[in-house]
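Have a look at the structure below, then the notes.
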Amino acid sequence: MKLDDDDSSLSMALQQESDNKAKMKPVIFVDEIRKVYDSGAVKVEALRGVSFQIEKGEFVAIIGPSGSGKSTLMHILGCLDVPTSGRFELAGEDVSRMNEEELAAVRNRRIGFVFQQFNLLPSLNAWKNVELPLIYAGVDATRRKAMAIAALSRVGLGDRISHRPGELSGGQQQRVAIARALVTNPALILADEPSGNLDSKAATDVLGLFKELHQSGRTIVLITHDREVAAQAERTIAIRDGLIGTSLEEGGSR
């Protein structure tokens, strides 16, 4: 009996150690990622061996000019595409070679997206737009609505839950999009030029909201070409010609 108890204690200790290691893994781990687009006659190497990691709770901006590989990198980080070679782990899960169905499940479970164009459905009010990821996740209707309203309240729109997108300002629409990104409690919030369609005041407000979310422990990766926007993050990864550096000038160096 003593032996069985010892075995059980050892098993529990090993499981706890495994759980602790999983918790310590970075949210994003990218190792020598390459992406080649092959149209037959021409091959374009969009990413040429990109490596970095982002820890839980970081607020990181990825900055680069048009044609730098920024969009390709965003698609891979968002599990919208897979690399040609290299390894990408999201919250400890290797997604480098997943098929489309597996990637879709990871996107819904692990990532909250915020886009420049908001991507809200004009016929639905705010809370119904926010609950959409929960529908895909199979959450029941009563709980979905409660979670959507809570997310809208978190971004300062508790009094706008029944407004349709056309009844909201650009900044408010982007806040609805941020609430939608938050509602599933994802490991990562991935924001693609989130202030690009906003006036300066609304852009400042939205970027301030990202800072608040970061301070509350959220992991945020912001994709931008704008240095002033990138400066709002605590760390910047610059990309140029499919390679990265620590500043925009260094992007493209090894």
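In the structure tokens, chains take the letters A, B, ... in the order shown, each chain's residues start at 1, and ligands count up from 1 in the order shown.
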* **Contacts of Ser85 in chain A at 7 Å (only C-alpha atoms; same-chain gap of 6+ positions) as JSON, numbers by chain** => {"A": [33, 34, 35]}
Restrict the calculation to only C-alpha atoms, then for each residue of range 68-180 of chain A with any atom at most 6 Å from an atom of range 191-195 of chain A give the closest atom pair and their distance in Å to one decimal, rows by chain and rising residue number, as a Markdown table.
```
| residue | atom | partner | partner_atom | distance |
| --- | --- | --- | --- | --- |
| A:Phe113 | CA | A:Ala191 | CA | 5.9 |
| A:Val114 | CA | A:Ala191 | CA | 4.5 |
| A:Phe115 | CA | A:Asp192 | CA | 5.0 |
| A:Gln116 | CA | A:Pro194 | CA | 4.6 |
```
Selection export as a PDB file, in the first residue's frame, atoms kept: N, CA and C atoms:
```pdb
ATOM      1  N   PHE A 113      -9.324  38.723 -32.564  1.00  0.00           N
ATOM      2  CA  PHE A 113      -8.863  39.587 -33.648  1.00  0.00           C
ATOM      3  C   PHE A 113      -9.509  40.972 -33.574  1.00  0.00           C
ATOM      4  N   VAL A 114      -8.694  42.000 -33.864  1.00  0.00           N
ATOM      5  CA  VAL A 114      -9.197  43.365 -34.036  1.00  0.00           C
ATOM      6  C   VAL A 114      -8.625  43.873 -35.357  1.00  0.00           C
ATOM      7  N   PHE A 115      -9.538  44.258 -36.288  1.00  0.00           N
ATOM      8  CA  PHE A 115      -9.107  44.660 -37.623  1.00  0.00           C
ATOM      9  C   PHE A 115      -9.312  46.159 -37.864  1.00  0.00           C
ATOM     10  N   GLN A 116      -8.603  46.671 -38.846  1.00  0.00           N
ATOM     11  CA  GLN A 116      -8.734  48.079 -39.218  1.00  0.00           C
ATOM     12  C   GLN A 116     -10.156  48.409 -39.663  1.00  0.00           C
TER      13      GLN A 116
END
```
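The interatomic distance for the pair CA of Ser169 in chain A and CA of Thr184 in chain A works out to 24.3 Å.
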* Asked: Can you list every residue in range 56-234 of chain A that DSSP puts in helix (DSSP H, G or I), as number ranges by chain?
  -> A: 70-77, 100-110, 126-130, 132-136, 141-154, 165-167, 170-182, 200-215, 227-230
Take the residues just selected and output them with C-alpha atoms as a PDB file, in the first residue's frame.
```pdb
ATOM      1  CA  LYS A  70       4.405  42.121 -41.958  1.00  0.00           C
ATOM      2  CA  SER A  71       1.068  40.895 -43.327  1.00  0.00           C
ATOM      3  CA  THR A  72       2.425  37.407 -43.974  1.00  0.00           C
ATOM      4  CA  LEU A  73       3.700  37.232 -40.410  1.00  0.00           C
ATOM      5  CA  MET A  74       0.330  38.428 -39.104  1.00  0.00           C
ATOM      6  CA  HIS A  75      -1.485  35.704 -41.056  1.00  0.00           C
ATOM      7  CA  ILE A  76       0.781  33.049 -39.541  1.00  0.00           C
ATOM      8  CA  LEU A  77       0.478  34.437 -35.991  1.00  0.00           C
ATOM      9  CA  GLU A 100      -7.446  24.305 -41.957  1.00  0.00           C
ATOM     10  CA  GLU A 101     -10.001  22.707 -39.645  1.00  0.00           C
ATOM     11  CA  GLU A 102      -7.485  22.530 -36.794  1.00  0.00           C
ATOM     12  CA  LEU A 103      -6.364  26.113 -37.412  1.00  0.00           C
ATOM     13  CA  ALA A 104      -9.972  27.328 -37.335  1.00  0.00           C
ATOM     14  CA  ALA A 105     -10.459  25.681 -33.929  1.00  0.00           C
ATOM     15  CA  VAL A 106      -7.281  27.325 -32.584  1.00  0.00           C
ATOM     16  CA  ARG A 107      -8.309  30.734 -33.955  1.00  0.00           C
ATOM     17  CA  ASN A 108     -11.654  30.566 -32.206  1.00  0.00           C
ATOM     18  CA  ARG A 109     -10.225  29.251 -28.941  1.00  0.00           C
ATOM     19  CA  ARG A 110      -6.914  31.085 -28.618  1.00  0.00           C
ATOM     20  CA  ALA A 126     -23.491  45.578 -30.492  1.00  0.00           C
ATOM     21  CA  TRP A 127     -24.031  42.656 -28.144  1.00  0.00           C
ATOM     22  CA  LYS A 128     -25.083  40.338 -30.971  1.00  0.00           C
ATOM     23  CA  ASN A 129     -21.884  41.232 -32.860  1.00  0.00           C
ATOM     24  CA  VAL A 130     -19.840  40.524 -29.742  1.00  0.00           C
ATOM     25  CA  LEU A 132     -20.574  35.703 -32.501  1.00  0.00           C
ATOM     26  CA  PRO A 133     -17.370  33.890 -31.407  1.00  0.00           C
ATOM     27  CA  LEU A 134     -19.329  32.336 -28.547  1.00  0.00           C
ATOM     28  CA  ILE A 135     -21.882  30.926 -30.986  1.00  0.00           C
ATOM     29  CA  TYR A 136     -19.061  29.172 -32.833  1.00  0.00           C
ATOM     30  CA  ALA A 141     -27.737  31.696 -25.586  1.00  0.00           C
ATOM     31  CA  THR A 142     -28.315  33.038 -22.074  1.00  0.00           C
ATOM     32  CA  ARG A 143     -24.653  32.815 -21.136  1.00  0.00           C
ATOM     33  CA  ARG A 144     -23.586  34.277 -24.503  1.00  0.00           C
ATOM     34  CA  LYS A 145     -25.619  37.432 -23.966  1.00  0.00           C
ATOM     35  CA  ALA A 146     -24.337  37.901 -20.421  1.00  0.00           C
ATOM     36  CA  MET A 147     -20.722  37.460 -21.555  1.00  0.00           C
ATOM     37  CA  ALA A 148     -21.193  39.843 -24.509  1.00  0.00           C
ATOM     38  CA  ILE A 149     -22.703  42.563 -22.309  1.00  0.00           C
ATOM     39  CA  ALA A 150     -19.884  42.139 -19.773  1.00  0.00           C
ATOM     40  CA  ALA A 151     -17.283  42.524 -22.543  1.00  0.00           C
ATOM     41  CA  LEU A 152     -19.003  45.667 -23.857  1.00  0.00           C
ATOM     42  CA  SER A 153     -19.065  47.109 -20.356  1.00  0.00           C
ATOM     43  CA  ARG A 154     -15.344  46.343 -20.071  1.00  0.00           C
ATOM     44  CA  PRO A 165     -22.803  49.723 -35.979  1.00  0.00           C
ATOM     45  CA  GLY A 166     -24.376  52.500 -38.090  1.00  0.00           C
ATOM     46  CA  GLU A 167     -25.537  54.182 -34.891  1.00  0.00           C
ATOM     47  CA  GLY A 170     -15.845  54.869 -35.606  1.00  0.00           C
ATOM     48  CA  GLY A 171     -14.158  54.719 -32.216  1.00  0.00           C
ATOM     49  CA  GLN A 172     -17.197  53.059 -30.668  1.00  0.00           C
ATOM     50  CA  GLN A 173     -17.343  50.508 -33.491  1.00  0.00           C
ATOM     51  CA  GLN A 174     -13.713  49.629 -32.855  1.00  0.00           C
ATOM     52  CA  ARG A 175     -14.504  49.218 -29.153  1.00  0.00           C
ATOM     53  CA  VAL A 176     -17.255  46.765 -30.108  1.00  0.00           C
ATOM     54  CA  ALA A 177     -14.648  44.892 -32.174  1.00  0.00           C
ATOM     55  CA  ILE A 178     -12.289  44.854 -29.175  1.00  0.00           C
ATOM     56  CA  ALA A 179     -15.102  43.538 -26.948  1.00  0.00           C
ATOM     57  CA  ARG A 180     -15.696  40.781 -29.497  1.00  0.00           C
ATOM     58  CA  ALA A 181     -11.973  39.934 -29.361  1.00  0.00           C
ATOM     59  CA  LEU A 182     -12.078  39.779 -25.558  1.00  0.00           C
ATOM     60  CA  SER A 200      -6.807  61.209 -33.975  1.00  0.00           C
ATOM     61  CA  LYS A 201      -8.989  61.432 -30.849  1.00  0.00           C
ATOM     62  CA  ALA A 202     -10.665  58.066 -31.409  1.00  0.00           C
ATOM     63  CA  ALA A 203      -7.270  56.516 -32.218  1.00  0.00           C
ATOM     64  CA  THR A 204      -5.832  57.845 -28.950  1.00  0.00           C
ATOM     65  CA  ASP A 205      -8.819  56.463 -27.031  1.00  0.00           C
ATOM     66  CA  VAL A 206      -8.547  53.009 -28.625  1.00  0.00           C
ATOM     67  CA  LEU A 207      -4.789  52.801 -28.075  1.00  0.00           C
ATOM     68  CA  GLY A 208      -5.382  53.864 -24.476  1.00  0.00           C
ATOM     69  CA  LEU A 209      -7.813  50.974 -24.126  1.00  0.00           C
ATOM     70  CA  PHE A 210      -5.153  48.556 -25.373  1.00  0.00           C
ATOM     71  CA  LYS A 211      -2.808  49.917 -22.706  1.00  0.00           C
ATOM     72  CA  GLU A 212      -5.462  49.317 -20.052  1.00  0.00           C
ATOM     73  CA  LEU A 213      -5.976  45.760 -21.286  1.00  0.00           C
ATOM     74  CA  HIS A 214      -2.227  45.202 -21.207  1.00  0.00           C
ATOM     75  CA  GLN A 215      -2.057  46.494 -17.638  1.00  0.00           C
ATOM     76  CA  ARG A 227       5.919  54.548 -35.629  1.00  0.00           C
ATOM     77  CA  GLU A 228       3.743  56.644 -33.307  1.00  0.00           C
ATOM     78  CA  VAL A 229       1.279  53.785 -32.898  1.00  0.00           C
ATOM     79  CA  ALA A 230       4.102  51.278 -32.358  1.00  0.00           C
TER      80      ALA A 230
END
```
* Asked: Please, which residues of range 137-239 of chain A, numbered as in this document, come out strand (DSSP E or B) from DSSP, as a PyMOL selection string?
  -> chain A and resi 188-192+220-224+235-239
Next, the residues of the selection above should be written as a PDB file, in the first residue's frame with C-alpha atoms.
```
ATOM      1  CA  LEU A 188      -3.691  36.465 -27.570  1.00  0.00           C
ATOM      2  CA  ILE A 189      -5.279  39.656 -28.877  1.00  0.00           C
ATOM      3  CA  LEU A 190      -4.008  40.294 -32.412  1.00  0.00           C
ATOM      4  CA  ALA A 191      -4.738  43.825 -33.665  1.00  0.00           C
ATOM      5  CA  ASP A 192      -4.100  44.701 -37.322  1.00  0.00           C
ATOM      6  CA  ILE A 220      -1.459  42.015 -27.172  1.00  0.00           C
ATOM      7  CA  VAL A 221       0.311  42.011 -30.528  1.00  0.00           C
ATOM      8  CA  LEU A 222      -0.328  45.096 -32.621  1.00  0.00           C
ATOM      9  CA  ILE A 223       0.564  45.136 -36.332  1.00  0.00           C
ATOM     10  CA  THR A 224       1.268  48.596 -37.749  1.00  0.00           C
ATOM     11  CA  ARG A 235       8.307  46.440 -27.042  1.00  0.00           C
ATOM     12  CA  THR A 236       8.731  46.708 -30.802  1.00  0.00           C
ATOM     13  CA  ILE A 237       9.687  44.061 -33.348  1.00  0.00           C
ATOM     14  CA  ALA A 238      10.635  45.597 -36.682  1.00  0.00           C
ATOM     15  CA  ILE A 239      10.446  43.676 -39.937  1.00  0.00           C
TER      16      ILE A 239
END
```
* **Distance query Asn125 in chain A at most 6 Å, only C-alpha atoms, self and fewer than 3 positions along chain excluded, as a list in words** => Lys128, Ser162, His163 and Arg164 of chain A
* **Contacts of Glu32 in chain A within 8 Å, only C-alpha atoms, excl. fewer than 5 positions in-chain, as a list in words** => Arg48, Gly49, Val50, Ser51, Ser85, Gly86 and Arg87 of chain A
Writer output for current selection, N, CA and C atoms, as a compact mmCIF listing (two decimals), in the first residue's frame:
```txt
# COMPACT_ATOMS: atom_id res chain seq x y z
N ARG A 48 12.06 35.15 -44.16
CA ARG A 48 13.33 34.50 -44.46
C ARG A 48 14.07 34.04 -43.21
N GLY A 49 13.35 33.40 -42.31
CA GLY A 49 13.99 32.89 -41.11
C GLY A 49 13.76 33.79 -39.92
N VAL A 50 12.51 33.93 -39.54
CA VAL A 50 12.10 34.83 -38.45
C VAL A 50 12.01 34.06 -37.14
N SER A 51 12.65 34.60 -36.09
CA SER A 51 12.62 33.97 -34.76
C SER A 51 12.39 35.03 -33.69
N SER A 85 8.34 26.55 -43.66
CA SER A 85 9.22 25.79 -42.77
C SER A 85 9.39 26.57 -41.48
N GLY A 86 9.95 25.90 -40.47
CA GLY A 86 10.11 26.52 -39.16
C GLY A 86 9.00 26.08 -38.21
N ARG A 87 9.07 26.58 -36.99
CA ARG A 87 8.13 26.14 -35.95
C ARG A 87 7.43 27.36 -35.33
```
* Asked: What gap, in Å, lies between CA of Ala187 in chain A and CA of Ile54 in chain A?
  -> 11.5 Å
* **Close residues, Val36 in chain A itself excluded, 7 Å, only C-alpha atoms, min 2 positions apart in chain, as a list in words** => Arg34, Asp38, Lys43, Val44, Glu45, Ala46 and Thr84 of chain A
Selected residues written out with C-alpha atoms, as a short mmCIF file (atom, residue, chain, number, x, y, z; two decimals), in the first residue's frame:
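Okay, this is what ended up in again15.cif:
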```
data_model
loop_
_atom_site.label_atom_id
_atom_site.label_comp_id
_atom_site.auth_asym_id
_atom_site.auth_seq_id
_atom_site.Cartn_x
_atom_site.Cartn_y
_atom_site.Cartn_z
CA ARG A 34 10.06 30.93 -43.56
CA ASP A 38 5.39 29.67 -55.35
CA LYS A 43 9.04 32.17 -56.03
CA VAL A 44 8.64 34.96 -53.48
CA GLU A 45 10.27 34.50 -50.09
CA ALA A 46 8.09 36.66 -47.85
CA THR A 84 6.65 26.84 -45.36
#
```
